[in-house]
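Chemist: Here you go, this is model_32.txt (compact mmCIF, N, CA and C atoms).
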# COMPACT_ATOMS: atom_id res chain seq x y z
N MET A 4 -10.37 8.07 -12.59
CA MET A 4 -9.32 7.23 -13.10
C MET A 4 -9.56 6.97 -14.57
N SER A 5 -8.50 6.61 -15.22
CA SER A 5 -8.59 6.29 -16.64
C SER A 5 -8.54 4.79 -16.82
N ASP A 6 -9.18 4.33 -17.92
CA ASP A 6 -9.07 2.91 -18.23
C ASP A 6 -7.74 2.64 -18.91
N ARG A 7 -7.55 1.40 -19.35
CA ARG A 7 -6.25 1.04 -19.92
C ARG A 7 -5.97 1.76 -21.23
N HIS A 8 -6.99 2.39 -21.80
CA HIS A 8 -6.81 3.13 -23.05
C HIS A 8 -6.64 4.63 -22.79
N GLY A 9 -6.63 5.02 -21.51
CA GLY A 9 -6.45 6.42 -21.16
C GLY A 9 -7.74 7.23 -21.14
N HIS A 10 -8.91 6.57 -21.25
CA HIS A 10 -10.19 7.26 -21.26
C HIS A 10 -10.67 7.49 -19.82
N GLN A 11 -11.12 8.68 -19.53
CA GLN A 11 -11.65 9.03 -18.21
C GLN A 11 -13.09 8.54 -18.09
N ASP A 12 -13.46 7.95 -16.96
CA ASP A 12 -14.84 7.52 -16.71
C ASP A 12 -15.59 8.73 -16.16
N LEU A 13 -16.34 9.40 -17.02
CA LEU A 13 -17.03 10.62 -16.63
C LEU A 13 -18.24 10.35 -15.75
N LEU A 14 -18.77 9.14 -15.79
CA LEU A 14 -19.91 8.80 -14.96
C LEU A 14 -19.50 8.39 -13.54
N ASN A 15 -18.25 8.05 -13.36
CA ASN A 15 -17.76 7.58 -12.07
C ASN A 15 -16.37 8.18 -11.82
N PRO A 16 -16.31 9.50 -11.62
CA PRO A 16 -15.00 10.14 -11.44
C PRO A 16 -14.36 9.71 -10.13
N PRO A 17 -13.04 9.83 -10.02
CA PRO A 17 -12.36 9.45 -8.77
C PRO A 17 -12.79 10.34 -7.61
N THR A 18 -12.86 9.75 -6.44
CA THR A 18 -13.17 10.50 -5.22
C THR A 18 -11.85 10.90 -4.58
N LEU A 19 -11.73 12.19 -4.30
CA LEU A 19 -10.51 12.74 -3.71
C LEU A 19 -10.88 13.39 -2.39
N LEU A 20 -10.42 12.79 -1.31
CA LEU A 20 -10.72 13.33 0.01
C LEU A 20 -9.91 14.59 0.29
N PRO A 21 -10.45 15.48 1.14
CA PRO A 21 -9.65 16.63 1.57
C PRO A 21 -8.56 16.17 2.54
N GLU A 22 -7.62 17.02 2.80
CA GLU A 22 -6.52 16.72 3.72
C GLU A 22 -7.09 16.37 5.10
N ASP A 23 -6.57 15.32 5.70
CA ASP A 23 -6.93 14.91 7.06
C ASP A 23 -6.08 15.75 8.00
N PRO A 24 -6.70 16.59 8.86
CA PRO A 24 -5.90 17.45 9.74
C PRO A 24 -4.99 16.66 10.68
N GLY A 25 -5.37 15.44 10.98
CA GLY A 25 -4.53 14.60 11.84
C GLY A 25 -3.25 14.15 11.17
N ALA A 26 -3.23 14.13 9.84
CA ALA A 26 -2.04 13.68 9.12
C ALA A 26 -0.84 14.56 9.41
N THR A 27 -1.06 15.85 9.54
CA THR A 27 0.03 16.78 9.86
C THR A 27 0.58 16.49 11.25
N MET A 28 -0.31 16.22 12.20
CA MET A 28 0.13 15.90 13.56
C MET A 28 0.93 14.60 13.57
N LEU A 29 0.45 13.60 12.85
CA LEU A 29 1.17 12.33 12.79
C LEU A 29 2.55 12.52 12.15
N ALA A 30 2.60 13.30 11.09
CA ALA A 30 3.86 13.54 10.39
C ALA A 30 4.86 14.27 11.29
N SER A 31 4.36 15.06 12.23
CA SER A 31 5.28 15.77 13.12
C SER A 31 5.59 14.97 14.38
N GLY A 32 5.13 13.71 14.43
CA GLY A 32 5.53 12.83 15.52
C GLY A 32 4.54 12.69 16.66
N ASP A 33 3.36 13.28 16.55
CA ASP A 33 2.37 13.11 17.61
C ASP A 33 1.90 11.65 17.64
N GLU A 34 1.54 11.20 18.82
CA GLU A 34 1.08 9.83 19.00
C GLU A 34 -0.28 9.62 18.35
N PRO A 35 -0.46 8.51 17.64
CA PRO A 35 -1.74 8.26 16.98
C PRO A 35 -2.94 8.30 17.92
N VAL A 36 -2.79 7.84 19.16
CA VAL A 36 -3.92 7.87 20.10
C VAL A 36 -4.33 9.31 20.40
N GLU A 37 -3.37 10.23 20.49
CA GLU A 37 -3.68 11.64 20.71
C GLU A 37 -4.34 12.26 19.48
N VAL A 38 -3.86 11.86 18.32
CA VAL A 38 -4.42 12.38 17.07
C VAL A 38 -5.85 11.87 16.88
N ALA A 39 -6.09 10.59 17.17
CA ALA A 39 -7.43 10.04 17.05
C ALA A 39 -8.40 10.75 17.99
N ALA A 40 -7.93 11.10 19.18
CA ALA A 40 -8.78 11.83 20.13
C ALA A 40 -9.05 13.25 19.65
N ALA A 41 -8.06 13.88 19.03
CA ALA A 41 -8.22 15.25 18.56
C ALA A 41 -9.03 15.33 17.27
N PHE A 42 -8.87 14.34 16.40
CA PHE A 42 -9.55 14.32 15.10
C PHE A 42 -10.17 12.94 14.85
N PRO A 43 -11.20 12.58 15.61
CA PRO A 43 -11.76 11.23 15.49
C PRO A 43 -12.42 10.94 14.14
N ALA A 44 -12.74 11.96 13.37
CA ALA A 44 -13.38 11.73 12.07
C ALA A 44 -12.38 11.36 10.98
N GLY A 45 -11.09 11.52 11.26
CA GLY A 45 -10.07 11.19 10.27
C GLY A 45 -9.70 9.71 10.33
N SER A 46 -9.33 9.14 9.21
CA SER A 46 -8.95 7.72 9.15
C SER A 46 -7.47 7.49 9.40
N GLU A 47 -6.66 8.48 9.17
CA GLU A 47 -5.21 8.31 9.23
C GLU A 47 -4.74 7.77 10.59
N ALA A 48 -5.20 8.39 11.68
CA ALA A 48 -4.76 7.96 13.02
C ALA A 48 -5.30 6.57 13.35
N TRP A 49 -6.55 6.29 12.96
CA TRP A 49 -7.13 4.97 13.22
C TRP A 49 -6.37 3.89 12.47
N ALA A 50 -5.97 4.20 11.23
CA ALA A 50 -5.18 3.24 10.46
C ALA A 50 -3.84 3.00 11.14
N SER A 51 -3.21 4.05 11.63
CA SER A 51 -1.92 3.91 12.32
C SER A 51 -2.07 3.07 13.58
N LEU A 52 -3.13 3.30 14.34
CA LEU A 52 -3.37 2.51 15.55
C LEU A 52 -3.61 1.04 15.20
N ALA A 53 -4.37 0.79 14.14
CA ALA A 53 -4.64 -0.59 13.72
C ALA A 53 -3.36 -1.28 13.29
N GLU A 54 -2.55 -0.60 12.51
CA GLU A 54 -1.29 -1.19 12.04
C GLU A 54 -0.35 -1.49 13.20
N ALA A 55 -0.31 -0.59 14.18
CA ALA A 55 0.55 -0.82 15.36
C ALA A 55 0.04 -2.01 16.17
N ALA A 56 -1.27 -2.12 16.31
CA ALA A 56 -1.84 -3.26 17.04
C ALA A 56 -1.56 -4.58 16.31
N LEU A 57 -1.66 -4.56 14.99
CA LEU A 57 -1.31 -5.77 14.22
C LEU A 57 0.15 -6.14 14.43
N ALA A 58 1.03 -5.15 14.37
CA ALA A 58 2.46 -5.40 14.56
C ALA A 58 2.76 -5.94 15.95
N ALA A 59 1.93 -5.56 16.94
CA ALA A 59 2.11 -6.02 18.31
C ALA A 59 1.41 -7.34 18.58
N GLY A 60 0.79 -7.94 17.55
CA GLY A 60 0.11 -9.22 17.74
C GLY A 60 -1.20 -9.09 18.47
N GLN A 61 -1.89 -7.97 18.30
CA GLN A 61 -3.17 -7.72 18.97
C GLN A 61 -4.29 -7.57 17.93
N PRO A 62 -4.73 -8.69 17.36
CA PRO A 62 -5.70 -8.59 16.26
C PRO A 62 -7.07 -8.05 16.66
N ILE A 63 -7.51 -8.28 17.89
CA ILE A 63 -8.82 -7.77 18.31
C ILE A 63 -8.78 -6.25 18.40
N GLN A 64 -7.72 -5.70 19.01
CA GLN A 64 -7.58 -4.25 19.08
C GLN A 64 -7.43 -3.66 17.68
N ALA A 65 -6.65 -4.34 16.85
CA ALA A 65 -6.45 -3.88 15.48
C ALA A 65 -7.78 -3.85 14.73
N TYR A 66 -8.59 -4.87 14.92
CA TYR A 66 -9.89 -4.95 14.27
C TYR A 66 -10.75 -3.76 14.68
N ALA A 67 -10.77 -3.45 15.97
CA ALA A 67 -11.58 -2.33 16.46
C ALA A 67 -11.08 -1.00 15.91
N TYR A 68 -9.79 -0.78 15.95
CA TYR A 68 -9.23 0.47 15.40
C TYR A 68 -9.51 0.57 13.89
N ALA A 69 -9.26 -0.52 13.18
CA ALA A 69 -9.44 -0.51 11.73
C ALA A 69 -10.91 -0.31 11.36
N ARG A 70 -11.81 -0.94 12.09
CA ARG A 70 -13.23 -0.77 11.81
C ARG A 70 -13.65 0.68 12.01
N THR A 71 -13.11 1.33 13.04
CA THR A 71 -13.42 2.74 13.26
C THR A 71 -12.89 3.58 12.10
N GLY A 72 -11.64 3.35 11.71
CA GLY A 72 -11.07 4.08 10.58
C GLY A 72 -11.82 3.84 9.29
N TYR A 73 -12.26 2.61 9.09
CA TYR A 73 -13.05 2.23 7.92
C TYR A 73 -14.36 3.01 7.89
N HIS A 74 -15.09 3.00 9.00
CA HIS A 74 -16.39 3.70 9.03
C HIS A 74 -16.21 5.21 8.90
N ARG A 75 -15.21 5.76 9.58
CA ARG A 75 -14.95 7.20 9.45
C ARG A 75 -14.56 7.54 8.03
N GLY A 76 -13.79 6.66 7.40
CA GLY A 76 -13.39 6.87 6.02
C GLY A 76 -14.55 6.80 5.06
N LEU A 77 -15.45 5.82 5.26
CA LEU A 77 -16.64 5.74 4.41
C LEU A 77 -17.50 6.99 4.55
N ASP A 78 -17.61 7.51 5.77
CA ASP A 78 -18.35 8.76 5.97
C ASP A 78 -17.72 9.89 5.17
N ALA A 79 -16.40 10.00 5.23
CA ALA A 79 -15.69 11.06 4.51
C ALA A 79 -15.83 10.88 3.00
N LEU A 80 -15.73 9.64 2.53
CA LEU A 80 -15.89 9.39 1.10
C LEU A 80 -17.28 9.78 0.62
N ARG A 81 -18.29 9.41 1.37
CA ARG A 81 -19.66 9.76 0.98
C ARG A 81 -19.84 11.27 0.96
N LYS A 82 -19.28 11.93 1.96
CA LYS A 82 -19.36 13.40 2.01
C LYS A 82 -18.68 14.02 0.79
N ALA A 83 -17.66 13.36 0.27
CA ALA A 83 -16.93 13.85 -0.90
C ALA A 83 -17.59 13.44 -2.21
N GLY A 84 -18.75 12.76 -2.14
CA GLY A 84 -19.48 12.41 -3.35
C GLY A 84 -19.42 10.96 -3.79
N TRP A 85 -18.69 10.14 -3.06
CA TRP A 85 -18.58 8.72 -3.40
C TRP A 85 -19.93 8.05 -3.14
N ARG A 86 -20.33 7.15 -4.02
CA ARG A 86 -21.64 6.51 -3.91
C ARG A 86 -21.54 5.02 -3.60
N GLY A 87 -20.49 4.62 -2.94
CA GLY A 87 -20.35 3.22 -2.54
C GLY A 87 -19.55 2.38 -3.50
N THR A 88 -19.16 2.95 -4.60
CA THR A 88 -18.36 2.24 -5.59
C THR A 88 -17.60 3.27 -6.41
N GLY A 89 -16.53 2.81 -7.00
CA GLY A 89 -15.78 3.70 -7.87
C GLY A 89 -14.41 4.04 -7.33
N PRO A 90 -13.62 4.69 -8.16
CA PRO A 90 -12.22 4.92 -7.84
C PRO A 90 -11.98 5.85 -6.65
N VAL A 91 -11.08 5.40 -5.79
CA VAL A 91 -10.56 6.17 -4.67
C VAL A 91 -9.04 5.99 -4.77
N PRO A 92 -8.38 6.79 -5.59
CA PRO A 92 -6.98 6.52 -5.93
C PRO A 92 -6.01 6.65 -4.75
N TRP A 93 -5.16 5.64 -4.63
CA TRP A 93 -4.09 5.64 -3.64
C TRP A 93 -3.15 6.82 -3.87
N SER A 94 -2.94 7.21 -5.10
CA SER A 94 -2.00 8.28 -5.44
C SER A 94 -2.39 9.62 -4.83
N HIS A 95 -3.65 9.79 -4.44
CA HIS A 95 -4.09 11.01 -3.76
C HIS A 95 -3.86 10.79 -2.26
N VAL A 96 -2.85 11.41 -1.71
CA VAL A 96 -2.39 11.13 -0.34
C VAL A 96 -3.52 11.17 0.70
N PRO A 97 -4.44 12.12 0.68
CA PRO A 97 -5.51 12.10 1.69
C PRO A 97 -6.41 10.86 1.64
N ASN A 98 -6.41 10.12 0.52
CA ASN A 98 -7.18 8.88 0.44
C ASN A 98 -6.49 7.72 1.14
N GLN A 99 -5.22 7.85 1.40
CA GLN A 99 -4.45 6.72 1.91
C GLN A 99 -4.87 6.26 3.30
N GLY A 100 -5.33 7.16 4.15
CA GLY A 100 -5.77 6.75 5.49
C GLY A 100 -6.91 5.75 5.44
N VAL A 101 -7.94 6.04 4.65
CA VAL A 101 -9.07 5.12 4.57
C VAL A 101 -8.67 3.82 3.89
N LEU A 102 -7.84 3.89 2.87
CA LEU A 102 -7.40 2.66 2.20
C LEU A 102 -6.55 1.81 3.14
N ARG A 103 -5.71 2.44 3.96
CA ARG A 103 -4.93 1.70 4.96
C ARG A 103 -5.84 1.06 6.00
N ALA A 104 -6.88 1.80 6.42
CA ALA A 104 -7.82 1.26 7.41
C ALA A 104 -8.55 0.04 6.84
N ILE A 105 -8.96 0.11 5.57
CA ILE A 105 -9.63 -1.03 4.93
C ILE A 105 -8.68 -2.23 4.89
N ALA A 106 -7.44 -2.00 4.50
CA ALA A 106 -6.47 -3.09 4.43
C ALA A 106 -6.21 -3.68 5.82
N ALA A 107 -6.07 -2.82 6.83
CA ALA A 107 -5.84 -3.31 8.19
C ALA A 107 -7.04 -4.09 8.70
N LEU A 108 -8.23 -3.66 8.33
CA LEU A 108 -9.44 -4.40 8.72
C LEU A 108 -9.41 -5.80 8.12
N GLY A 109 -9.00 -5.90 6.87
CA GLY A 109 -8.89 -7.21 6.23
C GLY A 109 -7.86 -8.10 6.90
N THR A 110 -6.73 -7.52 7.25
CA THR A 110 -5.67 -8.29 7.91
C THR A 110 -6.12 -8.76 9.29
N ALA A 111 -6.74 -7.86 10.05
CA ALA A 111 -7.22 -8.22 11.39
C ALA A 111 -8.33 -9.26 11.29
N ALA A 112 -9.22 -9.10 10.31
CA ALA A 112 -10.30 -10.08 10.13
C ALA A 112 -9.73 -11.46 9.81
N GLU A 113 -8.70 -11.48 8.99
CA GLU A 113 -8.05 -12.76 8.66
C GLU A 113 -7.47 -13.39 9.92
N ALA A 114 -6.86 -12.57 10.77
CA ALA A 114 -6.23 -13.09 11.99
C ALA A 114 -7.24 -13.68 12.96
N ILE A 115 -8.48 -13.20 12.92
CA ILE A 115 -9.48 -13.73 13.85
C ILE A 115 -10.45 -14.69 13.16
N GLY A 116 -10.19 -14.99 11.89
CA GLY A 116 -10.98 -15.98 11.18
C GLY A 116 -12.30 -15.49 10.62
N GLU A 117 -12.42 -14.21 10.38
CA GLU A 117 -13.66 -13.65 9.81
C GLU A 117 -13.54 -13.58 8.29
N THR A 118 -13.75 -14.72 7.65
CA THR A 118 -13.51 -14.88 6.22
C THR A 118 -14.34 -13.93 5.36
N ALA A 119 -15.61 -13.73 5.69
CA ALA A 119 -16.46 -12.85 4.90
C ALA A 119 -15.92 -11.43 4.88
N GLU A 120 -15.41 -10.96 6.02
CA GLU A 120 -14.85 -9.61 6.10
C GLU A 120 -13.57 -9.51 5.28
N VAL A 121 -12.78 -10.55 5.28
CA VAL A 121 -11.56 -10.58 4.46
C VAL A 121 -11.93 -10.39 2.99
N GLU A 122 -12.94 -11.13 2.55
CA GLU A 122 -13.38 -11.04 1.16
C GLU A 122 -13.95 -9.67 0.83
N ARG A 123 -14.76 -9.11 1.73
CA ARG A 123 -15.36 -7.78 1.49
C ARG A 123 -14.29 -6.70 1.40
N THR A 124 -13.33 -6.73 2.30
CA THR A 124 -12.30 -5.68 2.28
C THR A 124 -11.42 -5.81 1.04
N ALA A 125 -11.12 -7.03 0.62
CA ALA A 125 -10.32 -7.22 -0.59
C ALA A 125 -11.08 -6.69 -1.81
N ALA A 126 -12.36 -6.98 -1.90
CA ALA A 126 -13.17 -6.49 -3.02
C ALA A 126 -13.27 -4.97 -3.00
N LEU A 127 -13.43 -4.39 -1.81
CA LEU A 127 -13.53 -2.93 -1.70
C LEU A 127 -12.22 -2.27 -2.12
N LEU A 128 -11.09 -2.80 -1.65
CA LEU A 128 -9.81 -2.24 -2.08
C LEU A 128 -9.63 -2.33 -3.58
N ASP A 129 -10.00 -3.46 -4.15
CA ASP A 129 -9.89 -3.63 -5.60
C ASP A 129 -10.77 -2.63 -6.34
N ASP A 130 -11.96 -2.38 -5.82
CA ASP A 130 -12.86 -1.43 -6.46
C ASP A 130 -12.32 0.00 -6.32
N CYS A 131 -11.79 0.32 -5.16
CA CYS A 131 -11.28 1.67 -4.93
C CYS A 131 -10.04 1.96 -5.76
N ASP A 132 -9.07 1.08 -5.70
CA ASP A 132 -7.83 1.24 -6.47
C ASP A 132 -7.14 -0.12 -6.51
N PRO A 133 -7.15 -0.76 -7.66
CA PRO A 133 -6.55 -2.10 -7.78
C PRO A 133 -5.07 -2.15 -7.39
N THR A 134 -4.37 -1.03 -7.41
CA THR A 134 -2.97 -1.04 -7.02
C THR A 134 -2.80 -1.02 -5.49
N ALA A 135 -3.84 -0.61 -4.75
CA ALA A 135 -3.71 -0.44 -3.31
C ALA A 135 -3.37 -1.74 -2.59
N ARG A 136 -4.00 -2.84 -2.99
CA ARG A 136 -3.72 -4.11 -2.28
C ARG A 136 -2.27 -4.50 -2.39
N GLY A 137 -1.67 -4.31 -3.55
CA GLY A 137 -0.25 -4.61 -3.72
C GLY A 137 0.62 -3.71 -2.88
N ILE A 138 0.30 -2.45 -2.84
CA ILE A 138 1.06 -1.48 -2.05
C ILE A 138 0.97 -1.81 -0.57
N LEU A 139 -0.23 -2.19 -0.15
CA LEU A 139 -0.49 -2.44 1.27
C LEU A 139 -0.25 -3.88 1.69
N GLY A 140 0.14 -4.71 0.75
CA GLY A 140 0.43 -6.11 1.08
C GLY A 140 -0.81 -6.91 1.39
N ARG A 141 -1.96 -6.56 0.85
CA ARG A 141 -3.21 -7.31 1.06
C ARG A 141 -3.53 -8.03 -0.19
If you convert what's in this file into structure tokens, what do you get?
Modeler:
Amino acid sequence: MSDRHGHQDLLNPPTLLPEDPGATMLASGDEPVEVAAAFPAGSEAWASLAEAALAAGQPIQAYAYARTGYHRGLDALRKAGWRGTGPVPWSHVPNQGVLRAIAALGTAAEAIGETAEVERTAALLDDCDPTARGILGR
């Protein structure tokens, strides 16, 4: 990512995940539970399951789905060279699954009163891409 002056941070380049194979299945209408079973390492299906559980008023299920997507996403980010901090741009579509899972984890944590998790997920989203929280409503 570039700073406000357009300078690229060469010491901390953006992390760009590869395409999540489950994203194609989801886009063609496959059920997220089937996609998660077929591609459990991807975050996209877990984020979809978490968001659906939140919409259904099921914060505990949402928390579990989001936590899985979060951990799978962190694994993928590390594999792609991320070192626990630095830009993970929302504009790169394959990054959106993990960012959605992080946001859903924060929302579910808020619903069950886990304040520390709410703060951690908000800070992580801000570190990854400050625009993501606004896009995701977190």
Chemist: Using all atoms listed in the file for the distances, tell me which of A:Leu80, A:Leu52, A:Ala126, A:Ala69 is nearest to A:Ala107.
Modeler: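 Checking each of A:Leu80, A:Leu52, A:Ala126, A:Ala69 against A:Ala107, counting all atoms listed in the file, the winner is A:Ala69.
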Chemist: Kindly indicate which residue among A:Gln61, A:Ser94, A:Thr18, A:Thr88 lies nearest to A:Leu127, using only C-alpha atoms for the distances.
Modeler: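 Counting only C-alpha atoms, the residue closest to A:Leu127 is A:Thr88.
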Chemist: Give me the residues within 8 Å of stretch 108-117 of chain A as JSON, numbers by chain, counting all atoms listed in the file and dropping any in the same chain fewer than 5 places off.
Modeler: {"A": [50, 53, 54, 57, 61, 62, 63, 64, 65, 66, 67, 68, 69, 70, 73, 102, 103, 122, 123, 124, 125, 141]}
Chemist: What's the 8 Å shell around A:Gly140, counting only N, CA and C atoms, without same-chain residues fewer than 5 positions away, as a PyMOL selection string?
Modeler: chain A and resi 106+134-135
Chemist: Could you tell me how far atom CA of A:Trp85 sits from atom C of A:Val121, in Å to one decimal place?
Modeler: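 Computed distance, atom C of A:Val121 to atom CA of A:Trp85, equals 21.2 Å.
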Chemist: If you measure from atom C of A:Val38 to atom C of A:Pro24, what distance in Å do you get, rounded to one decimal?
Modeler: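 That distance, rounded to one decimal, is 7.9 Å.
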Chemist: Could you please determine the separation between atom C of A:Leu19 and atom C of A:Cys131 in Å, to one decimal place?
Modeler: 11.9 Å
Chemist: Could you tell me which of A:Gly87, A:Gly72, A:Gly32, A:Pro92 comes closest to A:Ile105 if we count all atoms listed in the file?
Modeler: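 Once distances to A:Ile105 are computed over all atoms listed in the file, the minimum belongs to A:Gly72.
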Chemist: Would you mind telling me which residue in A:Leu14, A:Pro21, A:Asp33, A:His95 lies nearest to A:Ala83 when using all atoms listed in the file?
Modeler: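 The closest residue to A:Ala83 is A:Pro21.
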Chemist: Ranking A:Ala104, A:Pro97, A:Ala59, A:Gly45 by minimum distance to A:Arg75 and counting all atoms listed in the file, which one comes first?
Modeler: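 Among A:Ala104, A:Pro97, A:Ala59, A:Gly45, it is A:Gly45 that comes nearest to A:Arg75.
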Chemist: From the list A:Val101, A:Ala40, A:Ala56, A:Ala48, which residue is nearest A:Leu20 when using only C-alpha atoms?
Modeler: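 Ranking A:Val101, A:Ala40, A:Ala56, A:Ala48 by distance to A:Leu20, first place goes to A:Val101.
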Chemist: Give the helix (DSSP H, G or I) residues of chain A, as assigned by DSSP on the backbone, as an MDAnalysis selection string.
Modeler: chainID A and resid 24:30 35:41 47:58 62:82 96:114 118:131 135:139
